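Student: Below is query-v9.cif; it holds mmCIF, C-alpha atoms and all ligand atoms.
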```cif
data_target
loop_
_atom_site.label_atom_id
_atom_site.label_comp_id
_atom_site.auth_asym_id
_atom_site.auth_seq_id
_atom_site.Cartn_x
_atom_site.Cartn_y
_atom_site.Cartn_z
CA MET A 8 20.15 -11.06 -18.34
CA ASP A 9 18.19 -9.01 -20.82
CA PHE A 10 18.26 -5.33 -19.80
CA TYR A 11 15.67 -4.19 -22.32
CA VAL A 12 12.25 -4.12 -20.68
CA PRO A 13 9.35 -3.32 -23.04
CA LEU A 14 7.37 -0.49 -21.42
CA HIS A 15 4.01 -2.14 -21.98
CA MET A 16 5.12 -4.99 -19.72
CA SER A 17 5.97 -3.02 -16.61
CA LEU A 18 4.18 -2.38 -13.36
CA TYR A 19 4.74 0.95 -11.59
CA TYR A 20 4.17 1.55 -7.91
CA THR A 21 4.71 4.26 -5.35
CA SER A 22 3.53 5.45 -1.97
CA LEU A 23 2.43 9.08 -2.16
CA ASN A 24 2.39 9.09 1.64
CA SER A 25 1.96 6.58 4.45
CA GLY A 26 1.22 7.22 8.12
CA SER A 27 -1.49 8.47 10.45
CA ASN A 28 -1.33 11.80 8.55
CA GLY A 29 -2.48 10.23 5.27
CA ASN A 30 -2.18 7.11 3.13
CA CYS A 31 -2.28 6.85 -0.64
CA PHE A 32 -0.60 4.22 -2.84
CA TYR A 33 -0.40 4.14 -6.65
CA VAL A 34 -0.11 0.92 -8.67
CA GLY A 35 -0.45 0.79 -12.43
CA ASN A 36 0.82 -0.34 -15.82
CA GLU A 37 1.18 1.70 -19.03
CA GLU A 38 -2.57 1.79 -19.65
CA GLU A 39 -4.30 2.04 -16.30
CA ALA A 40 -3.70 2.52 -12.61
CA VAL A 41 -5.47 2.44 -9.27
CA LEU A 42 -5.06 4.26 -6.00
CA ILE A 43 -5.29 2.32 -2.80
CA ASP A 44 -6.86 4.81 -0.35
CA ALA A 45 -7.05 8.57 -0.78
CA GLY A 46 -5.85 9.95 2.53
CA LEU A 47 -4.20 13.09 1.18
CA SER A 48 -6.17 16.13 0.03
CA CYS A 49 -6.93 16.31 -3.67
CA ARG A 50 -4.50 19.19 -4.07
CA GLU A 51 -1.66 17.32 -2.34
CA THR A 52 -2.39 14.13 -4.30
CA GLU A 53 -2.27 16.06 -7.59
CA LYS A 54 0.93 17.84 -6.56
CA ARG A 55 2.80 14.71 -5.54
CA MET A 56 1.68 12.75 -8.60
CA LYS A 57 2.75 15.57 -10.91
CA GLN A 58 6.18 15.72 -9.25
CA LEU A 59 6.53 11.99 -9.89
CA GLY A 60 5.43 12.26 -13.51
CA LEU A 61 2.20 10.32 -12.84
CA SER A 62 -1.20 11.23 -14.27
CA LEU A 63 -4.59 11.01 -12.56
CA LYS A 64 -6.05 10.44 -16.04
CA LYS A 65 -4.65 6.94 -15.89
CA VAL A 66 -6.29 6.21 -12.52
CA LYS A 67 -9.44 4.15 -13.16
CA GLY A 68 -10.41 3.37 -9.57
CA ILE A 69 -9.81 4.37 -5.95
CA PHE A 70 -9.95 1.37 -3.61
CA ILE A 71 -10.81 2.18 0.01
CA THR A 72 -9.53 -0.02 2.84
CA HIS A 73 -11.53 1.46 5.75
CA GLU A 74 -13.21 4.63 6.95
CA HIS A 75 -10.45 6.21 9.06
CA ILE A 76 -9.72 9.77 8.00
CA ASP A 77 -6.08 9.08 7.06
CA HIS A 78 -7.43 6.78 4.30
CA VAL A 79 -10.40 8.76 2.93
CA LYS A 80 -9.62 12.46 3.39
CA GLY A 81 -9.31 13.24 -0.33
CA VAL A 82 -11.73 10.73 -1.78
CA GLU A 83 -14.76 12.98 -2.29
CA VAL A 84 -12.93 15.74 -4.16
CA ILE A 85 -10.57 13.49 -6.14
CA SER A 86 -13.35 11.17 -7.33
CA GLN A 87 -15.62 14.05 -8.40
CA LYS A 88 -13.01 16.31 -9.92
CA HIS A 89 -11.28 13.54 -11.84
CA ASP A 90 -14.36 11.38 -12.43
CA ILE A 91 -12.92 8.25 -10.81
CA PRO A 92 -15.09 5.47 -9.36
CA VAL A 93 -14.59 4.56 -5.69
CA TYR A 94 -14.52 0.85 -4.86
CA ILE A 95 -15.68 0.36 -1.28
CA ASN A 96 -17.78 -2.04 0.77
CA ARG A 97 -21.22 -0.90 1.95
CA SER A 98 -20.52 -0.70 5.69
CA THR A 99 -17.35 1.30 5.15
CA ARG A 100 -19.18 3.80 2.97
CA GLN A 101 -21.95 4.15 5.57
CA HIS A 102 -19.41 4.84 8.31
CA CYS A 103 -17.28 7.39 6.46
CA ARG A 104 -17.54 10.77 8.15
CA LEU A 105 -16.63 12.39 4.86
CA PRO A 106 -19.08 11.64 2.07
CA VAL A 107 -18.10 9.22 -0.65
CA PRO A 108 -20.20 10.41 -3.62
CA GLU A 109 -23.15 8.08 -4.21
CA LYS A 110 -22.81 8.18 -7.99
CA LYS A 111 -19.13 7.36 -7.84
CA SER A 112 -19.44 4.41 -5.39
CA VAL A 113 -18.99 0.87 -6.64
CA PHE A 114 -19.80 -1.60 -3.88
CA ILE A 115 -17.45 -4.54 -3.47
CA GLN A 116 -17.55 -7.78 -1.50
CA ASN A 117 -14.62 -8.44 0.79
CA ASP A 118 -13.42 -11.52 -1.09
CA GLU A 119 -13.99 -10.06 -4.55
CA THR A 120 -11.50 -9.56 -7.38
CA ILE A 121 -12.14 -6.54 -9.61
CA GLU A 122 -10.63 -6.35 -13.10
CA ILE A 123 -9.63 -2.98 -14.48
CA GLY A 124 -8.02 -3.48 -17.88
CA GLU A 125 -5.26 -5.98 -17.19
CA LEU A 126 -5.05 -5.15 -13.50
CA LYS A 127 -6.73 -7.47 -11.02
CA ILE A 128 -7.47 -6.03 -7.60
CA SER A 129 -8.39 -8.48 -4.83
CA ALA A 130 -9.81 -7.50 -1.47
CA PHE A 131 -9.60 -9.48 1.76
CA SER A 132 -10.84 -8.92 5.33
CA LYS A 133 -8.39 -8.07 8.09
CA TRP A 134 -8.29 -7.18 11.80
CA HIS A 135 -8.51 -3.44 12.58
CA ASP A 136 -10.74 -1.17 14.67
CA ALA A 137 -12.96 -0.15 11.75
CA ILE A 138 -16.43 -1.35 10.71
CA ASP A 139 -15.40 -3.76 7.92
CA PRO A 140 -11.74 -3.22 6.98
CA VAL A 141 -10.01 -4.81 3.98
CA SER A 142 -6.58 -4.86 2.36
CA TYR A 143 -5.80 -5.25 -1.34
CA VAL A 144 -3.44 -7.06 -3.68
CA VAL A 145 -3.03 -5.54 -7.16
CA ALA A 146 -1.90 -8.07 -9.77
CA TYR A 147 -0.65 -7.56 -13.32
CA LYS A 148 0.52 -10.68 -15.18
CA ASP A 149 2.51 -12.62 -12.58
CA VAL A 150 3.39 -9.64 -10.38
CA HIS A 151 1.45 -9.07 -7.17
CA VAL A 152 1.72 -5.85 -5.19
CA GLY A 153 0.25 -6.03 -1.67
CA VAL A 154 -0.79 -3.01 0.38
CA PHE A 155 -1.06 -4.22 3.95
CA THR A 156 -1.47 -1.50 6.59
CA ASP A 157 -3.78 -0.86 9.56
CA ILE A 158 -3.76 -4.44 10.80
CA GLY A 159 -4.03 -5.45 14.45
CA SER A 160 -3.04 -9.08 14.14
CA VAL A 161 -1.63 -11.40 11.51
CA CYS A 162 -4.52 -13.57 10.32
CA GLU A 163 -4.59 -16.46 7.83
CA ASN A 164 -5.84 -14.10 5.06
CA LEU A 165 -2.82 -11.86 5.51
CA ILE A 166 -0.35 -14.76 5.60
CA GLN A 167 -1.75 -16.23 2.37
CA ARG A 168 -1.77 -12.92 0.50
CA PHE A 169 1.65 -11.87 1.78
CA ALA A 170 3.09 -15.17 0.59
CA GLN A 171 2.03 -14.55 -3.02
CA CYS A 172 3.49 -11.05 -3.41
CA GLN A 173 6.64 -9.84 -5.18
CA VAL A 174 6.21 -6.30 -3.84
CA VAL A 175 4.67 -5.43 -0.47
CA PHE A 176 3.85 -2.24 1.40
CA LEU A 177 3.75 -3.68 4.94
CA GLU A 178 2.79 -1.87 8.10
CA ALA A 179 5.48 -1.58 10.76
CA ASN A 180 3.71 0.90 13.01
CA TYR A 181 5.56 0.78 16.30
CA ASP A 182 8.55 -0.54 18.17
CA ASP A 183 7.38 -2.31 21.37
CA HIS A 184 9.97 -0.59 23.54
CA LEU A 185 9.34 2.91 22.13
CA LEU A 186 5.55 2.49 22.53
CA GLU A 187 5.84 1.16 26.08
CA ASN A 188 8.11 4.01 27.16
CA GLY A 189 6.48 6.69 25.00
CA PRO A 190 4.09 9.53 25.88
CA TYR A 191 0.77 7.88 24.95
CA PRO A 192 -1.82 7.20 27.70
CA PHE A 193 -2.11 3.56 28.75
CA MET A 194 -5.51 3.05 27.07
CA LEU A 195 -4.19 4.28 23.73
CA LYS A 196 -1.10 2.05 24.00
CA GLU A 197 -3.42 -0.90 24.65
CA ARG A 198 -5.54 -0.01 21.63
CA ILE A 199 -2.54 0.29 19.30
CA ARG A 200 -1.05 -3.05 20.35
CA GLY A 201 -4.42 -4.80 20.62
CA ASN A 202 -5.53 -7.25 17.94
CA LYS A 203 -7.57 -4.52 16.21
CA GLY A 204 -4.80 -1.93 16.33
CA HIS A 205 -1.61 -1.81 14.27
CA LEU A 206 1.24 -4.16 13.37
CA SER A 207 4.43 -3.74 15.38
CA ASN A 208 7.91 -3.96 13.88
CA GLU A 209 8.15 -7.39 15.53
CA GLN A 210 4.89 -8.69 14.01
CA ALA A 211 5.87 -7.41 10.56
CA PHE A 212 9.31 -8.96 10.92
CA GLU A 213 7.83 -12.31 11.96
CA LEU A 214 5.51 -12.29 8.92
CA PHE A 215 8.43 -11.38 6.64
CA SER A 216 10.83 -13.96 8.05
CA SER A 217 8.33 -16.85 8.13
CA HIS A 218 6.01 -16.33 5.17
CA ARG A 219 7.61 -14.33 2.37
CA SER A 220 7.62 -15.69 -1.15
CA GLU A 221 10.92 -16.73 -2.70
CA THR A 222 10.05 -14.22 -5.39
CA LEU A 223 9.52 -11.30 -3.00
CA SER A 224 11.90 -8.62 -4.21
CA HIS A 225 10.82 -5.35 -2.62
CA LEU A 226 9.42 -4.67 0.85
CA LEU A 227 8.40 -1.12 1.77
CA LEU A 228 7.72 -0.64 5.48
CA ALA A 229 4.68 1.57 5.90
CA HIS A 230 2.42 3.50 8.33
CA LEU A 231 5.30 4.12 10.78
CA SER A 232 4.25 5.98 13.92
CA GLN A 233 5.83 9.39 14.44
CA GLU A 234 6.14 8.92 18.22
CA ASN A 235 6.60 5.17 18.61
CA ASN A 236 8.92 4.23 15.77
CA HIS A 237 11.83 5.45 13.69
CA PRO A 238 12.90 4.44 10.17
CA ASP A 239 16.44 3.61 11.41
CA VAL A 240 15.10 1.32 14.15
CA VAL A 241 12.91 -0.75 11.85
CA LEU A 242 15.37 -0.83 8.93
CA GLU A 243 18.09 -2.09 11.27
CA LYS A 244 15.85 -4.96 12.31
CA PHE A 245 14.87 -6.02 8.81
CA LYS A 246 18.32 -5.71 7.30
CA THR A 247 19.55 -8.52 9.54
CA ILE A 248 17.73 -11.07 7.37
CA SER A 249 16.76 -9.21 4.21
CA HIS A 250 19.12 -11.26 1.96
CA ASP A 251 18.28 -10.28 -1.61
CA VAL A 252 15.01 -8.50 -0.79
CA ARG A 253 15.26 -4.76 -1.21
CA ILE A 254 13.94 -3.03 1.95
CA GLY A 255 12.74 0.56 2.09
CA ILE A 256 10.40 2.92 3.90
CA ALA A 257 7.10 4.38 2.70
CA SER A 258 7.50 7.67 4.52
CA ARG A 259 4.98 9.82 6.39
CA HIS A 260 6.75 12.95 5.11
CA GLU A 261 7.08 12.47 1.35
CA ALA A 262 6.36 10.20 -1.59
CA THR A 263 8.70 7.35 -2.48
CA PRO A 264 10.19 7.36 -5.99
CA VAL A 265 8.17 5.57 -8.66
CA PHE A 266 9.42 2.01 -8.91
CA GLN A 267 9.14 0.02 -12.11
CA TYR A 268 8.75 -3.74 -12.09
CA GLY A 269 9.73 -5.04 -15.51
CA ILE A 270 8.05 -8.21 -16.71
CA ASP A 271 9.88 -10.22 -19.31
CA PRO A 272 7.16 -11.71 -21.53
CA LYS A 273 9.44 -14.68 -22.35
CA LYS A 274 9.83 -15.68 -18.72
CA THR A 275 7.28 -16.68 -16.14
CA ALA A 276 9.22 -15.07 -13.30
CA PRO A 277 9.35 -11.27 -13.21
CA GLU A 278 12.55 -9.24 -13.46
CA SER A 279 13.91 -7.20 -10.57
CA PRO A 280 12.39 -3.82 -9.70
CA MET A 281 13.94 -0.63 -11.00
CA GLN A 282 13.65 2.91 -9.76
CA LEU A 283 12.55 5.69 -12.07
CA ASN A 284 13.82 9.22 -11.85
CA LEU A 285 11.43 12.18 -12.00
CA PHE A 286 11.43 12.21 -15.78
CA GLY A 287 10.43 8.62 -16.15
CA ASP A 288 13.72 7.21 -17.42
CA ALA A 289 14.48 3.81 -16.05
CA GLU A 290 17.60 3.47 -13.96
CA SER A 291 18.70 -0.02 -13.06
CA MET A 292 19.01 -0.63 -9.31
ZN ZN B 301 -4.26 4.40 9.00
ZN ZN B 302 -7.00 2.75 10.50
#
```
Mind converting the file's structure to structure tokens?
Ligand SMILES: [Zn+2]
Ligand SMILES: [Zn+2]
Tutor:
Amino acid sequence: MDFYVPLHMSLYYTSLNSGSNGNCFYVGNEEEAVLIDAGLSCRETEKRMKQLGLSLKKVKGIFITHEHIDHVKGVEVISQKHDIPVYINRSTRQHCRLPVPEKKSVFIQNDETIEIGELKISAFSKWHDAIDPVSYVVAYKDVHVGVFTDIGSVCENLIQRFAQCQVVFLEANYDDHLLENGPYPFMLKERIRGNKGHLSNEQAFELFSSHRSETLSHLLLAHLSQENNHPDVVLEKFKTISHDVRIGIASRHEATPVFQYGIDPKKTAPESPMQLNLFGDAESM
């Protein structure tokens, strides 16, 4: 195996935060990057990116999945301060309680693929209790990074997109038992587990065990509920069949490290992911 990975052929990805308190994911190569959702304040987004050695100057688009506050809280300030266009569908923009600046909005169709430099960002419709929710896959060369959270039921769109990814941020919102026996009122429990609510650990596990690509190498479990889930509970479940897929958590308390996916230009299949330290040096995992 060739350990030298040319920097211009790598994809970098991280979750700045994931959960009902804010969602923001970064995916980019050496030249350009995108954010999927902007659910942290501008100040917190800047702070976490700086700590990770990432620059907002490289971010050429913010892609919004739906209008819930944990996905759009920082979008107005970040897009204006850093002059970044916001890719969003019309209904979602109309239903945002926080304004998405008119001049910064780029309207997308739900089955559209947007090209930003060499990144290709594809949207697809999903089930969730929002006006017109979408999820995204960000592709660079042969590597596909999926960001799949806030999904009430596993539809054909999700299965197809999941099956093409090498890296996935996948919602595992609640454990059935913890939700059932937890403090939430009955109506809220029904909403969460309804087909427009959130994916359970069980639903995420079923998708992973039945539909993952042979080339899937990194699964980050995301949007975990504070009350109805625990990282140890969901990791335990997935580690039973993870085989050679690396499994981690996109936390609701902190950013993940920046991961680097090296792409060997001589091969069609990508190399394994690596984890970067704070100073950007690659460390083989
Ligand atoms: Zn959410
Ligand atoms: Zn939501």
Student: Which protein, DNA or RNA residues have an atom within 9 Å of ligand ZN 301 (chain B), counting only C-alpha atoms and all ligand atoms, as a PDB file with C-alpha atoms, keeping the file's coordinate frame?
Tutor:
```
ATOM      1  CA  SER A  25       1.960   6.580   4.450  1.00  0.00           C
ATOM      2  CA  GLY A  26       1.220   7.220   8.120  1.00  0.00           C
ATOM      3  CA  SER A  27      -1.490   8.470  10.450  1.00  0.00           C
ATOM      4  CA  ASN A  28      -1.330  11.800   8.550  1.00  0.00           C
ATOM      5  CA  GLY A  29      -2.480  10.230   5.270  1.00  0.00           C
ATOM      6  CA  ASN A  30      -2.180   7.110   3.130  1.00  0.00           C
ATOM      7  CA  GLY A  46      -5.850   9.950   2.530  1.00  0.00           C
ATOM      8  CA  HIS A  73     -11.530   1.460   5.750  1.00  0.00           C
ATOM      9  CA  HIS A  75     -10.450   6.210   9.060  1.00  0.00           C
ATOM     10  CA  ILE A  76      -9.720   9.770   8.000  1.00  0.00           C
ATOM     11  CA  ASP A  77      -6.080   9.080   7.060  1.00  0.00           C
ATOM     12  CA  HIS A  78      -7.430   6.780   4.300  1.00  0.00           C
ATOM     13  CA  THR A 156      -1.470  -1.500   6.590  1.00  0.00           C
ATOM     14  CA  ASP A 157      -3.780  -0.860   9.560  1.00  0.00           C
ATOM     15  CA  HIS A 205      -1.610  -1.810  14.270  1.00  0.00           C
ATOM     16  CA  HIS A 230       2.420   3.500   8.330  1.00  0.00           C
TER      17      HIS A 230
END
```
Student: In Å to one decimal, how far is atom CA of Glu83 of chain A from atom CA of Pro106 of chain A?
Tutor: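 Those two atoms sit 6.3 Å apart.
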Student: Which is closest to Lys133 of chain A among A:Gly68, A:Gly159, A:Pro108, A:Pro264, if we use only C-alpha atoms?
Tutor: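 The shortest atom-to-atom distance to Lys133 of chain A comes from A:Gly159.
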Student: Quick one: everything within 7 Å of segment 126-128 of chain A, counting only C-alpha atoms, minus sequence neighbours fewer than 6 positions away in the same chain. Send it as a PyMOL selection string.
Tutor: chain A and resi 120+143-147
Student: To one decimal place in Å, what is the distance between atom CA of Val113 of chain A and atom CA of Thr263 of chain A?
Tutor: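 Computed distance, atom CA of Val113 of chain A to atom CA of Thr263 of chain A, equals 28.7 Å.
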Student: Excluding Gly81 of chain A and residues on its chain fewer than 2 positions from it, collect all residues at most 8 Å away from it, counting all atoms listed in the file, and give them as an MDAnalysis selection string.
Tutor: chainID A and resid 45:49 79 83:85
Student: Would you save the residues from that selection as a tab-separated table (two decimals), in the frame of the given file, using C-alpha atoms?
Tutor:
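Now in selection.tsv:
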```
chain	number	residue	atom	x	y	z
A	45	ALA	CA	-7.05	8.57	-0.78
A	46	GLY	CA	-5.85	9.95	2.53
A	47	LEU	CA	-4.20	13.09	1.18
A	48	SER	CA	-6.17	16.13	0.03
A	49	CYS	CA	-6.93	16.31	-3.67
A	79	VAL	CA	-10.40	8.76	2.93
A	83	GLU	CA	-14.76	12.98	-2.29
A	84	VAL	CA	-12.93	15.74	-4.16
A	85	ILE	CA	-10.57	13.49	-6.14
```
Student: Determine, counting all atoms listed in the file, which protein, DNA and RNA residues have an atom within 7 Å of an atom of Ser258 of chain A; residues of the same chain fewer than 3 positions away are not included. Present the result as a ChimeraX atom specification.
Tutor: /A:24-25,229,261-262
Student: Write out, as a PDB file, in the frame of the given file, the residues just selected, with C-alpha atoms.
Tutor:
```
ATOM      1  CA  ASN A  24       2.390   9.090   1.640  1.00  0.00           C
ATOM      2  CA  SER A  25       1.960   6.580   4.450  1.00  0.00           C
ATOM      3  CA  ALA A 229       4.680   1.570   5.900  1.00  0.00           C
ATOM      4  CA  GLU A 261       7.080  12.470   1.350  1.00  0.00           C
ATOM      5  CA  ALA A 262       6.360  10.200  -1.590  1.00  0.00           C
TER       6      ALA A 262
END
```
Student: Expressed in Å to a single decimal, how great is the separation between atom CA of Asp118 of chain A and atom CA of His89 of chain A?
Tutor: 27.4 Å
Student: Please list as a PyMOL selection string every residue within 9 Å of Asn188 of chain A, counting all atoms listed in the file and excluding residues in the same chain fewer than 4 positions away.
Tutor: chain A and resi 183-184+235
Student: Applying 10 Å and only C-alpha atoms, which residues near Tyr94 of chain A remain after dropping the ones on its own chain fewer than 5 positions away? List them as a PyMOL selection string.
Tutor: chain A and resi 43-44+68-72+100+111-116+121
Student: Of the candidates A:Val66, A:Val107, A:Ala40, A:Leu186, which shows the shortest atom-to-atom distance to Gln233 of chain A, using only C-alpha atoms?
Tutor: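 Selected residue with least distance to Gln233 of chain A: A:Leu186.
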Student: Write segment 211-230 of chain A as an mmCIF file, in the frame of the given file, completed to N, CA and C atoms.
Tutor:
```
data_model
loop_
_atom_site.group_PDB
_atom_site.id
_atom_site.type_symbol
_atom_site.label_atom_id
_atom_site.label_comp_id
_atom_site.auth_asym_id
_atom_site.auth_seq_id
_atom_site.Cartn_x
_atom_site.Cartn_y
_atom_site.Cartn_z
ATOM 1 N N ALA A 211 5.556 -7.514 11.987
ATOM 2 C CA ALA A 211 5.870 -7.410 10.560
ATOM 3 C C ALA A 211 7.107 -8.256 10.230
ATOM 4 N N PHE A 212 8.074 -8.206 11.121
ATOM 5 C CA PHE A 212 9.310 -8.960 10.920
ATOM 6 C C PHE A 212 9.044 -10.469 10.939
ATOM 7 N N GLU A 213 8.189 -10.888 11.848
ATOM 8 C CA GLU A 213 7.830 -12.310 11.960
ATOM 9 C C GLU A 213 7.126 -12.781 10.672
ATOM 10 N N LEU A 214 6.213 -11.950 10.170
ATOM 11 C CA LEU A 214 5.510 -12.290 8.920
ATOM 12 C C LEU A 214 6.522 -12.390 7.772
ATOM 13 N N PHE A 215 7.411 -11.428 7.695
ATOM 14 C CA PHE A 215 8.430 -11.380 6.640
ATOM 15 C C PHE A 215 9.370 -12.586 6.732
ATOM 16 N N SER A 216 9.833 -12.887 7.943
ATOM 17 C CA SER A 216 10.830 -13.960 8.050
ATOM 18 C C SER A 216 10.211 -15.339 7.859
ATOM 19 N N SER A 217 8.933 -15.508 8.204
ATOM 20 C CA SER A 217 8.330 -16.850 8.130
ATOM 21 C C SER A 217 7.532 -17.108 6.855
ATOM 22 N N HIS A 218 7.001 -16.067 6.222
ATOM 23 C CA HIS A 218 6.010 -16.330 5.170
ATOM 24 C C HIS A 218 6.257 -15.650 3.839
ATOM 25 N N ARG A 219 7.430 -15.028 3.644
ATOM 26 C CA ARG A 219 7.610 -14.330 2.370
ATOM 27 C C ARG A 219 7.822 -15.320 1.225
ATOM 28 N N SER A 220 7.411 -14.890 0.050
ATOM 29 C CA SER A 220 7.620 -15.690 -1.150
ATOM 30 C C SER A 220 9.100 -15.676 -1.527
ATOM 31 N N GLU A 221 9.547 -16.729 -2.173
ATOM 32 C CA GLU A 221 10.920 -16.730 -2.700
ATOM 33 C C GLU A 221 11.088 -15.664 -3.766
ATOM 34 N N THR A 222 9.979 -15.233 -4.343
ATOM 35 C CA THR A 222 10.050 -14.220 -5.390
ATOM 36 C C THR A 222 9.811 -12.806 -4.859
ATOM 37 N N LEU A 223 9.660 -12.662 -3.550
ATOM 38 C CA LEU A 223 9.520 -11.300 -3.000
ATOM 39 C C LEU A 223 10.803 -10.527 -3.274
ATOM 40 N N SER A 224 10.669 -9.359 -3.908
ATOM 41 C CA SER A 224 11.900 -8.620 -4.210
ATOM 42 C C SER A 224 11.944 -7.248 -3.570
ATOM 43 N N HIS A 225 10.800 -6.714 -3.157
ATOM 44 C CA HIS A 225 10.820 -5.350 -2.620
ATOM 45 C C HIS A 225 9.792 -5.234 -1.488
ATOM 46 N N LEU A 226 10.279 -4.870 -0.319
ATOM 47 C CA LEU A 226 9.420 -4.670 0.850
ATOM 48 C C LEU A 226 9.538 -3.212 1.266
ATOM 49 N N LEU A 227 8.401 -2.518 1.315
ATOM 50 C CA LEU A 227 8.400 -1.120 1.770
ATOM 51 C C LEU A 227 7.647 -1.061 3.092
ATOM 52 N N LEU A 228 8.332 -0.691 4.157
ATOM 53 C CA LEU A 228 7.720 -0.640 5.480
ATOM 54 C C LEU A 228 6.894 0.637 5.588
ATOM 55 N N ALA A 229 5.648 0.487 6.052
ATOM 56 C CA ALA A 229 4.680 1.570 5.900
ATOM 57 C C ALA A 229 3.972 1.903 7.215
ATOM 58 N N HIS A 230 3.249 3.045 7.202
ATOM 59 C CA HIS A 230 2.420 3.500 8.330
ATOM 60 C C HIS A 230 3.217 3.525 9.642
#
```
